[in-house]
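Quick look at coords28.cif (mmCIF, C-alpha atoms):
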```cif
data_entry
#
loop_
_atom_site.label_atom_id
_atom_site.label_comp_id
_atom_site.auth_asym_id
_atom_site.auth_seq_id
_atom_site.Cartn_x
_atom_site.Cartn_y
_atom_site.Cartn_z
CA MET A 294 -26.06 5.64 -0.89
CA ARG A 295 -22.72 7.30 -1.59
CA GLY A 296 -21.01 4.98 0.91
CA VAL A 297 -22.56 1.91 -0.72
CA LEU A 298 -21.42 3.11 -4.14
CA ALA A 299 -17.89 3.75 -2.85
CA LEU A 300 -17.78 0.27 -1.30
CA LEU A 301 -19.00 -1.29 -4.56
CA VAL A 302 -16.40 0.60 -6.59
CA PHE A 303 -13.66 -0.35 -4.12
CA THR A 304 -14.67 -4.02 -4.19
CA VAL A 305 -14.68 -4.18 -7.99
CA LEU A 306 -11.36 -2.35 -8.24
CA ALA A 307 -9.75 -4.34 -5.43
CA ILE A 308 -10.61 -7.61 -7.14
CA SER A 309 -9.29 -6.44 -10.49
CA ALA A 310 -6.55 -4.02 -9.37
CA PRO A 311 -3.52 -6.19 -10.21
CA ALA A 312 -4.84 -6.82 -13.70
CA VAL A 313 -5.32 -3.12 -14.43
CA ALA A 314 -2.81 -1.53 -12.05
CA TYR A 315 -0.42 -0.45 -14.76
CA ALA A 316 -3.28 1.12 -16.74
CA GLU A 317 -4.23 3.36 -13.79
CA THR A 318 -3.40 7.02 -14.21
CA PRO A 319 -2.04 9.05 -11.30
CA GLU A 320 -5.39 10.87 -11.17
CA GLU A 321 -7.24 7.55 -10.87
CA TRP A 322 -4.93 6.39 -8.07
CA VAL A 323 -5.55 9.65 -6.21
CA ALA A 324 -9.33 9.38 -6.63
CA LEU A 325 -9.43 5.70 -5.61
CA GLY A 326 -7.12 6.21 -2.64
CA ALA A 327 -9.14 9.19 -1.41
CA ARG A 328 -12.41 7.22 -1.70
CA VAL A 329 -11.03 4.20 0.13
CA HIS A 330 -9.01 6.03 2.79
CA GLY A 331 -10.84 9.34 3.08
CA ALA A 332 -7.87 11.44 1.93
CA TYR A 333 -4.72 11.01 -0.15
CA GLY A 334 -1.73 11.79 2.00
CA ALA A 335 1.75 10.63 1.00
CA PHE A 336 1.43 7.36 2.95
CA ILE A 337 -1.22 6.07 0.52
CA PRO A 338 0.91 6.35 -2.65
CA LEU A 339 3.86 4.78 -0.83
CA GLY A 340 1.59 1.82 -0.08
CA VAL A 341 0.54 1.77 -3.74
CA LYS A 342 4.20 1.83 -4.80
CA ILE A 343 5.02 -1.09 -2.50
CA GLY A 344 1.96 -3.05 -3.62
CA LEU A 345 2.75 -2.55 -7.31
CA ASP A 346 6.34 -3.59 -6.70
CA ALA A 347 5.17 -6.83 -5.05
CA VAL A 348 2.66 -7.56 -7.82
CA ASP A 349 5.42 -7.09 -10.39
CA ARG A 350 8.08 -9.12 -8.53
CA LEU A 351 5.68 -11.98 -7.78
CA HIS A 352 3.90 -11.87 -11.15
CA ALA A 353 0.64 -11.89 -9.21
CA LYS A 354 -2.89 -11.93 -10.49
CA PRO A 355 -5.93 -10.66 -8.60
CA ARG A 356 -6.46 -12.22 -5.17
CA GLU A 357 -3.17 -14.15 -5.27
CA LEU A 358 -1.25 -12.25 -2.60
CA GLU A 359 -1.23 -12.31 1.19
CA VAL A 360 -0.13 -9.20 3.07
CA LEU A 361 1.08 -9.22 6.68
CA TYR A 362 1.39 -5.68 8.04
CA TYR A 363 3.43 -4.83 11.14
CA ASP A 364 2.84 -1.30 12.36
CA SER A 365 5.09 0.77 14.60
CA GLU A 366 3.98 2.43 17.79
CA LYS A 367 5.86 5.53 16.61
CA ALA A 368 4.20 5.72 13.19
CA PRO A 369 1.22 8.08 13.11
CA CYS A 370 -1.07 5.56 11.34
CA ALA A 371 -1.22 2.38 9.27
CA CYS A 372 -2.24 4.30 6.14
CA PHE A 373 0.36 2.47 4.04
CA ALA A 374 -1.88 -0.62 4.33
CA ASP A 375 -4.72 1.05 2.41
CA GLY A 376 -2.42 1.85 -0.51
CA ILE A 377 -1.08 -1.71 -0.50
CA ALA A 378 -4.64 -3.06 -0.47
CA ILE A 379 -5.76 -1.11 -3.53
CA ALA A 380 -2.59 -2.00 -5.47
CA THR A 381 -2.61 -5.74 -4.66
CA GLY A 382 -6.31 -6.51 -4.30
CA ALA A 383 -5.64 -7.92 -0.82
CA SER A 384 -8.23 -7.08 1.82
CA VAL A 385 -9.16 -7.63 5.44
CA GLY A 386 -12.50 -9.07 4.30
CA GLN A 387 -10.80 -11.74 2.21
CA ARG A 388 -8.41 -12.38 5.10
CA SER A 389 -5.56 -11.74 2.68
CA LEU A 390 -4.46 -8.54 4.45
CA LYS A 391 -3.74 -8.84 8.14
CA ILE A 392 -2.64 -6.15 10.57
CA GLU A 393 -0.46 -8.16 12.92
CA PRO A 394 -0.51 -7.50 16.68
CA GLU A 395 3.29 -7.69 16.85
CA LYS A 396 4.97 -4.35 16.27
CA ALA A 397 7.59 -3.45 13.68
CA PRO A 398 11.16 -3.38 15.01
CA GLU A 399 12.80 -0.22 16.32
CA GLY A 400 13.65 2.16 13.50
CA ALA A 401 10.86 0.94 11.22
CA ALA A 402 7.61 2.81 10.62
CA ALA A 403 6.16 -0.40 9.17
CA VAL A 404 7.20 -3.82 7.95
CA ILE A 405 5.11 -5.53 5.31
CA VAL A 406 5.52 -9.14 4.19
CA ILE A 407 3.88 -9.94 0.86
CA ARG A 408 3.84 -13.45 -0.54
CA PRO A 409 1.60 -15.71 -2.62
CA ARG A 410 -1.55 -16.79 -0.76
CA LYS A 411 -0.87 -20.40 -1.69
CA GLY A 412 2.51 -20.21 0.02
CA GLY A 413 6.05 -19.76 -1.13
CA ALA A 414 8.69 -17.10 -1.11
CA GLY A 415 7.81 -13.44 -1.04
CA PHE A 416 9.26 -10.10 -0.08
CA LYS A 417 9.64 -8.07 3.09
CA TYR A 418 9.23 -4.31 2.73
CA THR A 419 10.57 -2.10 5.49
CA ILE A 420 9.62 1.57 5.67
CA PRO A 421 12.28 3.21 7.83
CA MET A 422 11.33 5.94 10.28
CA SER A 423 13.65 8.20 8.30
CA SER A 424 11.06 8.20 5.48
CA LEU A 425 8.42 9.88 7.67
CA PRO A 426 9.91 13.42 7.54
CA VAL A 427 10.23 13.13 3.74
CA LEU A 428 6.59 12.06 3.45
CA GLY A 429 5.54 14.74 5.93
CA LYS A 430 7.16 17.42 3.80
CA MET A 431 5.27 16.08 0.76
CA ASN A 432 2.02 16.24 2.75
CA SER A 433 2.56 19.84 3.79
CA SER A 434 3.82 21.21 0.48
CA LEU A 435 2.00 19.29 -2.26
CA ASP A 436 -1.58 18.61 -3.34
CA PRO A 437 -2.74 14.96 -3.63
CA LEU A 438 -1.62 14.54 -7.25
CA GLY A 439 1.73 16.16 -6.42
CA ARG A 440 2.13 13.75 -3.49
CA HIS A 441 1.44 10.78 -5.72
CA ASN A 442 3.95 11.88 -8.34
CA ALA A 443 6.60 12.79 -5.76
CA VAL A 444 6.34 9.44 -3.95
CA MET A 445 6.48 7.48 -7.21
CA LYS A 446 9.65 9.35 -8.24
CA THR A 447 11.42 9.19 -4.87
CA ASP A 448 13.78 6.28 -4.26
CA GLY A 449 14.84 5.06 -0.82
CA LEU A 450 11.45 5.34 0.93
CA PHE A 451 11.47 1.59 1.61
CA GLU A 452 13.81 -1.38 1.60
CA VAL A 453 12.92 -4.74 0.11
CA THR A 454 14.41 -8.16 0.90
CA PRO A 455 13.37 -11.68 -0.13
CA VAL A 456 11.69 -13.92 2.47
CA ASN A 457 10.98 -17.64 2.40
#
```

Entire entry expressed as C-alpha coordinates:
Amino acid sequence: MRGVLALLVFTVLAISAPAVAYAETPEEWVALGARVHGAYGAFIPLGVKIGLDAVDRLHAKPRELEVLYYDSEKAPCACFADGIAIATGASVGQRSLKIEPEKAPEGAAAVIVIRPRKGGAGFKYTIPMSSLPVLGKMNSSLDPLGRHNAVMKTDGLFEVTPVN
(Lines of atoms letter the chains of each structure in order from A and count residues from 1; the text may use other names and numbers.)
(Lines give C-alpha, C1' and ligand atoms only; values in the text may rest on other atoms or scores of the structure.)
Protein backbone atom coordinates (compact mmCIF):
# COMPACT_ATOMS: atom_id res chain seq x y z
CA MET A 1 0.00 0.00 0.00
CA ARG A 2 2.81 2.38 0.90
CA GLY A 3 4.49 1.72 -2.46
CA VAL A 4 1.25 2.42 -4.33
CA LEU A 5 0.78 5.66 -2.41
CA ALA A 6 4.38 6.72 -3.15
CA LEU A 7 3.88 5.96 -6.85
CA LEU A 8 0.64 7.96 -6.89
CA VAL A 9 2.29 10.93 -5.16
CA PHE A 10 5.27 10.75 -7.53
CA THR A 11 3.01 10.62 -10.59
CA VAL A 12 0.95 13.61 -9.48
CA LEU A 13 4.05 15.61 -8.58
CA ALA A 14 5.94 14.61 -11.72
CA ILE A 15 3.09 15.80 -13.92
CA SER A 16 2.80 19.11 -12.09
CA ALA A 17 6.42 19.61 -10.94
CA PRO A 18 7.39 22.36 -13.41
CA ALA A 19 4.32 24.38 -12.51
CA VAL A 20 5.05 24.24 -8.78
CA ALA A 21 8.82 23.70 -8.75
CA TYR A 22 9.63 27.17 -7.49
CA ALA A 23 7.06 26.80 -4.69
CA GLU A 24 8.79 23.66 -3.37
CA THR A 25 10.66 24.07 -0.11
CA PRO A 26 14.01 22.38 0.44
CA GLU A 27 12.28 20.03 2.90
CA GLU A 28 9.72 19.06 0.25
CA TRP A 29 12.46 18.38 -2.31
CA VAL A 30 14.26 16.17 0.20
CA ALA A 31 11.09 14.24 1.05
CA LEU A 32 10.09 13.79 -2.60
CA GLY A 33 13.58 12.80 -3.70
CA ALA A 34 13.89 10.27 -0.88
CA ARG A 35 10.49 8.74 -1.75
CA VAL A 36 11.29 8.49 -5.44
CA HIS A 37 14.92 7.41 -5.16
CA GLY A 38 15.01 5.69 -1.78
CA ALA A 39 17.49 8.16 -0.25
CA TYR A 40 18.60 11.76 -0.75
CA GLY A 41 22.29 11.78 -1.50
CA ALA A 42 23.93 14.82 -3.11
CA PHE A 43 23.41 13.46 -6.65
CA ILE A 44 19.63 13.92 -6.36
CA PRO A 45 19.68 17.67 -5.61
CA LEU A 46 22.23 18.20 -8.37
CA GLY A 47 19.74 16.58 -10.74
CA VAL A 48 17.01 18.83 -9.32
CA LYS A 49 19.23 21.88 -9.84
CA ILE A 50 19.90 20.90 -13.46
CA GLY A 51 16.22 20.15 -14.11
CA LEU A 52 15.08 23.47 -12.64
CA ASP A 53 17.70 25.29 -14.70
CA ALA A 54 16.39 23.65 -17.90
CA VAL A 55 12.76 24.39 -17.01
CA ASP A 56 13.68 28.03 -16.44
CA ARG A 57 15.85 28.41 -19.57
CA LEU A 58 13.29 26.70 -21.81
CA HIS A 59 10.23 28.26 -20.16
CA ALA A 60 8.79 24.75 -19.99
CA LYS A 61 5.44 23.62 -18.71
CA PRO A 62 4.64 20.14 -17.40
CA ARG A 63 5.42 17.31 -19.81
CA GLU A 64 7.07 19.60 -22.37
CA LEU A 65 10.67 18.44 -22.00
CA GLU A 66 12.65 15.49 -23.30
CA VAL A 67 15.70 14.32 -21.37
CA LEU A 68 18.49 12.22 -22.87
CA TYR A 69 20.85 10.93 -20.18
CA TYR A 70 24.34 9.64 -20.93
CA ASP A 71 25.95 7.91 -17.97
CA SER A 72 29.64 7.28 -17.40
CA GLU A 73 31.13 3.90 -16.65
CA LYS A 74 33.17 5.62 -13.92
CA ALA A 75 30.19 7.28 -12.20
CA PRO A 76 28.85 5.26 -9.27
CA CYS A 77 25.20 5.56 -10.40
CA ALA A 78 22.73 7.45 -12.58
CA CYS A 79 21.09 9.08 -9.55
CA PHE A 80 21.22 12.52 -11.19
CA ALA A 81 18.46 11.29 -13.53
CA ASP A 82 15.98 10.88 -10.66
CA GLY A 83 16.50 14.48 -9.56
CA ILE A 84 16.10 15.69 -13.14
CA ALA A 85 12.89 13.66 -13.47
CA ILE A 86 11.23 15.17 -10.41
CA ALA A 87 12.25 18.72 -11.40
CA THR A 88 11.16 18.50 -15.05
CA GLY A 89 8.26 16.06 -14.94
CA ALA A 90 10.02 13.89 -17.53
CA SER A 91 9.78 10.15 -16.98
CA VAL A 92 10.76 6.80 -18.43
CA GLY A 93 7.08 5.83 -18.52
CA GLN A 94 6.20 8.81 -20.70
CA ARG A 95 9.26 8.06 -22.83
CA SER A 96 10.39 11.62 -22.18
CA LEU A 97 13.42 10.53 -20.12
CA LYS A 98 15.78 8.10 -21.79
CA ILE A 99 18.95 6.54 -20.41
CA GLU A 100 21.02 6.25 -23.57
CA PRO A 101 23.21 3.19 -24.19
CA GLU A 102 26.10 5.38 -25.37
CA LYS A 103 28.39 6.47 -22.57
CA ALA A 104 29.36 10.00 -21.56
CA PRO A 105 32.77 11.11 -22.84
CA GLU A 106 35.95 10.72 -20.82
CA GLY A 107 36.07 13.18 -17.94
CA ALA A 108 32.28 13.42 -17.59
CA ALA A 109 30.27 11.71 -14.86
CA ALA A 110 27.14 12.33 -16.95
CA VAL A 111 25.92 14.32 -19.93
CA ILE A 112 22.29 15.32 -20.09
CA VAL A 113 20.56 16.86 -23.11
CA ILE A 114 17.27 18.58 -22.33
CA ARG A 115 15.12 20.06 -25.05
CA PRO A 116 11.44 20.59 -25.87
CA ARG A 117 9.61 17.34 -26.66
CA LYS A 118 8.20 18.90 -29.81
CA GLY A 119 11.71 19.58 -31.05
CA GLY A 120 13.95 22.58 -31.17
CA ALA A 121 17.02 23.87 -29.42
CA GLY A 122 17.84 22.86 -25.88
CA PHE A 123 20.77 22.60 -23.53
CA LYS A 124 23.52 20.10 -22.81
CA TYR A 125 24.52 19.71 -19.18
CA THR A 126 27.86 18.09 -18.40
CA ILE A 127 28.69 16.96 -14.88
CA PRO A 128 32.49 16.69 -14.77
CA MET A 129 34.14 13.87 -12.85
CA SER A 130 35.75 16.58 -10.73
CA SER A 131 32.32 17.22 -9.15
CA LEU A 132 32.15 13.71 -7.67
CA PRO A 133 34.61 14.31 -4.79
CA VAL A 134 32.75 17.53 -3.89
CA LEU A 135 29.42 15.66 -3.85
CA GLY A 136 31.01 12.77 -1.95
CA LYS A 137 32.17 15.13 0.78
CA MET A 138 28.62 16.52 1.04
CA ASN A 139 27.28 12.96 1.35
CA SER A 140 29.67 12.06 4.15
CA SER A 141 29.43 15.27 6.16
CA LEU A 142 25.85 16.54 5.77
CA ASP A 143 22.33 15.30 6.41
CA PRO A 144 19.85 15.24 3.48
CA LEU A 145 18.63 18.82 4.00
CA GLY A 146 22.23 20.01 4.35
CA ARG A 147 23.11 18.22 1.10
CA HIS A 148 20.24 19.90 -0.70
CA ASN A 149 21.19 23.35 0.53
CA ALA A 150 24.90 22.83 -0.16
CA VAL A 151 24.32 21.64 -3.74
CA MET A 152 21.94 24.51 -4.48
CA LYS A 153 24.53 27.03 -3.25
CA THR A 154 27.57 25.47 -4.95
CA ASP A 155 28.50 26.75 -8.40
CA GLY A 156 30.62 24.83 -10.90
CA LEU A 157 29.10 21.37 -10.36
CA PHE A 158 27.97 21.27 -14.01
CA GLU A 159 28.55 23.04 -17.30
CA VAL A 160 25.76 24.06 -19.64
CA THR A 161 25.93 24.73 -23.39
CA PRO A 162 23.21 25.31 -25.99
CA VAL A 163 22.42 22.50 -28.46
CA ASN A 164 20.36 22.55 -31.65

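Shell of Asp436 (chain A) at 12 Å, with only C-alpha atoms counted and residues fewer than 5 places along the chain excluded, is Glu320, Val323, Ala332, Tyr333, Gly334, Ala335, Lys430, Met431, His441, Asn442 and Ala443 of chain A.
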
Might you pull out every residue within 10 Å of region 399-414 of chain A, with only C-alpha atoms counted and same-chain residues fewer than 4 positions away left off, and present them as a PyMOL selection string? chain A and resi 340+343-344+347-348+351-354+356-371+373-374+377+381+383+389-393+418-425+451-457

Just to be explicit: take each residue in the selection above, keep C-alpha atoms, and write the result as a PDB file, in the coordinates of the input.
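Dumped everything to out_29.pdb:
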```pdb
ATOM      1  CA  GLY A 340       1.590   1.820  -0.080  1.00  0.00           C
ATOM      2  CA  ILE A 343       5.020  -1.090  -2.500  1.00  0.00           C
ATOM      3  CA  GLY A 344       1.960  -3.050  -3.620  1.00  0.00           C
ATOM      4  CA  ALA A 347       5.170  -6.830  -5.050  1.00  0.00           C
ATOM      5  CA  VAL A 348       2.660  -7.560  -7.820  1.00  0.00           C
ATOM      6  CA  LEU A 351       5.680 -11.980  -7.780  1.00  0.00           C
ATOM      7  CA  HIS A 352       3.900 -11.870 -11.150  1.00  0.00           C
ATOM      8  CA  ALA A 353       0.640 -11.890  -9.210  1.00  0.00           C
ATOM      9  CA  LYS A 354      -2.890 -11.930 -10.490  1.00  0.00           C
ATOM     10  CA  ARG A 356      -6.460 -12.220  -5.170  1.00  0.00           C
ATOM     11  CA  GLU A 357      -3.170 -14.150  -5.270  1.00  0.00           C
ATOM     12  CA  LEU A 358      -1.250 -12.250  -2.600  1.00  0.00           C
ATOM     13  CA  GLU A 359      -1.230 -12.310   1.190  1.00  0.00           C
ATOM     14  CA  VAL A 360      -0.130  -9.200   3.070  1.00  0.00           C
ATOM     15  CA  LEU A 361       1.080  -9.220   6.680  1.00  0.00           C
ATOM     16  CA  TYR A 362       1.390  -5.680   8.040  1.00  0.00           C
ATOM     17  CA  TYR A 363       3.430  -4.830  11.140  1.00  0.00           C
ATOM     18  CA  ASP A 364       2.840  -1.300  12.360  1.00  0.00           C
ATOM     19  CA  SER A 365       5.090   0.770  14.600  1.00  0.00           C
ATOM     20  CA  GLU A 366       3.980   2.430  17.790  1.00  0.00           C
ATOM     21  CA  LYS A 367       5.860   5.530  16.610  1.00  0.00           C
ATOM     22  CA  ALA A 368       4.200   5.720  13.190  1.00  0.00           C
ATOM     23  CA  PRO A 369       1.220   8.080  13.110  1.00  0.00           C
ATOM     24  CA  CYS A 370      -1.070   5.560  11.340  1.00  0.00           C
ATOM     25  CA  ALA A 371      -1.220   2.380   9.270  1.00  0.00           C
ATOM     26  CA  PHE A 373       0.360   2.470   4.040  1.00  0.00           C
ATOM     27  CA  ALA A 374      -1.880  -0.620   4.330  1.00  0.00           C
ATOM     28  CA  ILE A 377      -1.080  -1.710  -0.500  1.00  0.00           C
ATOM     29  CA  THR A 381      -2.610  -5.740  -4.660  1.00  0.00           C
ATOM     30  CA  ALA A 383      -5.640  -7.920  -0.820  1.00  0.00           C
ATOM     31  CA  SER A 389      -5.560 -11.740   2.680  1.00  0.00           C
ATOM     32  CA  LEU A 390      -4.460  -8.540   4.450  1.00  0.00           C
ATOM     33  CA  LYS A 391      -3.740  -8.840   8.140  1.00  0.00           C
ATOM     34  CA  ILE A 392      -2.640  -6.150  10.570  1.00  0.00           C
ATOM     35  CA  GLU A 393      -0.460  -8.160  12.920  1.00  0.00           C
ATOM     36  CA  TYR A 418       9.230  -4.310   2.730  1.00  0.00           C
ATOM     37  CA  THR A 419      10.570  -2.100   5.490  1.00  0.00           C
ATOM     38  CA  ILE A 420       9.620   1.570   5.670  1.00  0.00           C
ATOM     39  CA  PRO A 421      12.280   3.210   7.830  1.00  0.00           C
ATOM     40  CA  MET A 422      11.330   5.940  10.280  1.00  0.00           C
ATOM     41  CA  SER A 423      13.650   8.200   8.300  1.00  0.00           C
ATOM     42  CA  SER A 424      11.060   8.200   5.480  1.00  0.00           C
ATOM     43  CA  LEU A 425       8.420   9.880   7.670  1.00  0.00           C
ATOM     44  CA  PHE A 451      11.470   1.590   1.610  1.00  0.00           C
ATOM     45  CA  GLU A 452      13.810  -1.380   1.600  1.00  0.00           C
ATOM     46  CA  VAL A 453      12.920  -4.740   0.110  1.00  0.00           C
ATOM     47  CA  THR A 454      14.410  -8.160   0.900  1.00  0.00           C
ATOM     48  CA  PRO A 455      13.370 -11.680  -0.130  1.00  0.00           C
ATOM     49  CA  VAL A 456      11.690 -13.920   2.470  1.00  0.00           C
ATOM     50  CA  ASN A 457      10.980 -17.640   2.400  1.00  0.00           C
TER      51      ASN A 457
END
```

What would the selection look like, as a ChimeraX atom specification, if the PyMOL selection byres ((chain A and resi 375) around 9) were run on the coordinates I just shared?
/A:326,329-330,336-337,340-341,371-374,376-380,384

In Å to one decimal, how far is CA of Glu317 (chain A) from CA of Pro355 (chain A)?
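Straight-line distance from CA of Pro355 (chain A) to CA of Glu317 (chain A) works out to 15.0 Å.
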
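Going from CA of Gly439 (chain A) over to CA of Pro338 (chain A), you cover 10.5 Å.
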
Quiz item: A:Ala327, A:Thr318, A:Pro394, A:Leu339: which is nearest Pro437 (chain A), counting only C-alpha atoms?
Solution: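 Closest to Pro437 (chain A), using only C-alpha atoms: A:Ala327.
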
Just give me the gap between CA of Asp346 (chain A) and CA of Glu321 (chain A) in Å, one decimal is fine.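 Computed distance, CA of Asp346 (chain A) to CA of Glu321 (chain A), equals 18.1 Å.
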
### Message
Please determine, counting only C-alpha atoms, which residue among A:Met445, A:Leu438, A:Val385, A:Leu428 has the shortest atom-to-atom distance to Leu345 (chain A).
### Response
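When distances to Leu345 (chain A) are compared using only C-alpha atoms, the smallest one comes from A:Met445.
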
Using all atoms listed in the file, can you tell me which of A:Arg350, A:Gln387, A:Leu325, A:Asp448 comes closest to Lys417 (chain A)?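 Ranked by minimum distance to Lys417 (chain A), first place goes to A:Arg350.
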
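If you measure from each of A:Lys342, A:Arg388, A:Gly429, A:Gly331 to Thr447 (chain A) using only C-alpha atoms, the closest one turns out to be A:Lys342.
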